[in-house]
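Asker: Quick one: the structure is below, questions incoming.
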Amino acid sequence: PMDGGRILRALLGLRKPEEEATRIAAAAGRFLSVAMGLYGLLSMNFILLFIAFFVYLGAAQEGAAAAGKLLMKGVPVRAAMITDFRTLSHGDSIRHAADLLLSTSQQDFPVLHGDQVLGLLTRMALLRAMASAGPDTYVASSMDRDFVTVHPDMDLTDALPRMAQGGACALVMDSDRLVGLLTSENLAEFLVLRRVEIKRSRAGDAVQ
């Protein structure tokens with residue numbers, strides 16, 4: 001994760017895809033941090049051991065990010081989006097939204113007026129409204145009108161940066177029609193399942 005690793009990634013990137021170059025550089029960073037940690041432990045240099053620990057964490061995070069990009073590359077948003085979700089009307093109360101929060105596993109609720117999406121009520125906004133304005137206020141006064149939208153055919157690698165800018169939930173819109181939700185929790189579950197699926201596929205190919 002430091003300058004040397006980035007130079008190595010840049011050199012590898014001349015011949016390999018960026019995600020693979022990042023994965024190799026991160027693996028090299030983890031190996032060197034382990035070696036640095038062992039040397040620091042044997043020489044009783046605890047400052048070096050402390051540095052090695054944080055270098056390992058940084059390399060592991062970059063490696064995980066690169067692996068996630070590889071798993072998402074070429075996969076559309078519709079493959080990972082939530083299609084069974086609840087919505088709120090702009091005239092619903094915060095009390096009604098809180099009841100939905102408790103009775104379902106959903107944490108973010110699109111706010112609609114008919115079929116038109118007006119905003120997104122997040123869990124944090126709901127809790128703030130409950131504490132400050134009370135349960136009888138309307139969700140329209142607390143919803144986020146500047147919500148993030150993605151298209152169902154958008155590549156997941158392109159959708160992820162948009163989610164990082166706007167929060168943990170993006171509304172999946174096909175033209176003006178709401179077709180799903182893309183959340184960080186559901187995306188993480190999708191990546192776990194996809195990783196298992198790829199491993200099983202590779203194991204089956206190896207047996208054949």
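Numbering starts fresh at 1 for the residues of each chain in the structure tokens, the chains themselves are lettered A, B, ... in the order given, and ligands are numbered from 1 as they appear.
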Any idea what's packed within 12 Å of Gly37 of chain A, counting only C-alpha atoms, ignoring anything in its chain fewer than 3 positions away? Could you give it as JSON, numbers by chain?

Answerer: {"A": [30, 31, 32, 33, 34, 40, 41, 42, 43, 44, 45, 46, 47, 48, 49, 50, 51, 52, 53, 54, 55, 56]}

Asker: What parts of segment 8-204 of chain A does DSSP call helix (DSSP H, G or I)? I'd like the answer as a VMD selection string.

Answerer: chain A and resid 8 to 12 18 to 42 46 to 72 77 to 79 94 to 103 123 to 132 139 to 141 156 to 166 184 to 204

Asker: What lies within 10 Å of Ala25 of chain A using only C-alpha atoms, ignoring chain neighbours under 5 positions off, as an MDAnalysis selection string?

Answerer: chainID A and resid 1 4:12 19:20 30:31 59 62:63

Asker: Counting only C-alpha atoms, what are the residues of segment 20-122 of chain A within 12 Å of segment 146-149 of chain A, and for each of them which pair of atoms is the nearest and at what distance in Å, to one decimal? Sort the table by chain and rising number, as CSV.

Answerer:
```
residue,atom,partner,partner_atom,distance
A:Val77,CA,A:Thr149,CA,11.1
A:Asp108,CA,A:Phe147,CA,11.2
A:Phe109,CA,A:Phe147,CA,11.3
A:Pro110,CA,A:Phe147,CA,9.5
A:Val111,CA,A:Phe147,CA,10.8
A:Val117,CA,A:Phe147,CA,9.9
A:Leu118,CA,A:Phe147,CA,9.2
A:Gly119,CA,A:Phe147,CA,6.4
A:Leu120,CA,A:Phe147,CA,6.3
A:Leu121,CA,A:Phe147,CA,9.4
A:Thr122,CA,A:Phe147,CA,10.1
```

Asker: Would you compute the distance between atom CA of Met124 of chain A and atom CA of Met173 of chain A? Give it in Å to one decimal.

Answerer: 22.8 Å

Asker: Considering only C-alpha atoms, can you say which of A:Lys69, A:Asp115, A:Thr157, A:Met2 comes closest to Arg23 of chain A?

Answerer: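 Between A:Lys69, A:Asp115, A:Thr157, A:Met2, the residue approaching Arg23 of chain A most closely is A:Lys69.
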
Asker: Can you tell me which residues surround segment 175-192 of chain A at a distance of at most 6 Å, considering only C-alpha atoms, apart from same-chain residues fewer than 4 positions away, and format the answer as a list in words?

Answerer: Met81, Ile82, Thr83, Ala168, Cys169, Ala170 and Leu171 of chain A

Asker: Report, in Å with one decimal, the straight-line distance from atom CA of Tyr138 of chain A to atom CA of Gln107 of chain A.

Answerer: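 Computing it gives 17.4 Å between the two atoms.
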
Asker: Between A:Arg78, A:Lys199, A:Arg95, A:Lys73, which is the closest to Asp174 of chain A once you count only C-alpha atoms?

Answerer: A:Arg78

Asker: Residues near Leu156 of chain A, anyone? I mean within 6 Å using only C-alpha atoms, not counting same-chain ones fewer than 3 positions away, as number ranges by chain.

Answerer: A: 72, 75-77, 159

Asker: Keeping N, CA, C and O atoms for every residue in the selection just given, could you write it to a file as a tab-separated table (two decimals), in the first residue's frame?

Answerer:
```
chain	number	residue	atom	x	y	z
A	72	MET	N	-16.67	-8.40	-9.77
A	72	MET	CA	-17.77	-7.57	-10.26
A	72	MET	C	-17.63	-7.21	-11.74
A	72	MET	O	-18.60	-6.76	-12.35
A	75	VAL	N	-20.31	-7.79	-14.63
A	75	VAL	CA	-21.58	-8.20	-14.01
A	75	VAL	C	-22.49	-6.98	-13.92
A	75	VAL	O	-22.10	-5.95	-13.37
A	76	PRO	N	-23.73	-7.06	-14.43
A	76	PRO	CA	-24.63	-5.90	-14.37
A	76	PRO	C	-25.23	-5.73	-12.98
A	76	PRO	O	-25.29	-6.67	-12.18
A	77	VAL	N	-25.70	-4.53	-12.72
A	77	VAL	CA	-26.32	-4.20	-11.43
A	77	VAL	C	-27.52	-5.09	-11.16
A	77	VAL	O	-27.75	-5.51	-10.01
A	159	ALA	N	-20.82	1.13	-10.85
A	159	ALA	CA	-21.83	1.53	-9.87
A	159	ALA	C	-21.21	1.73	-8.48
A	159	ALA	O	-21.69	2.57	-7.71
```

Asker: Identify, with DSSP run on backbone atoms, the residues in chain A assigned to strand (DSSP E), and express the list as a list of chain:residue names.

Answerer: A:Leu88, A:Ser89, A:Phe109, A:Pro110, A:Val111, A:Leu112, A:His113, A:Gln116, A:Val117, A:Leu118, A:Gly119, A:Leu120, A:Leu121, A:Thr149, A:Val150, A:Cys169, A:Ala170, A:Leu171, A:Val172, A:Met173, A:Asp174, A:Arg177, A:Leu178, A:Val179, A:Gly180, A:Leu181, A:Leu182, A:Thr183
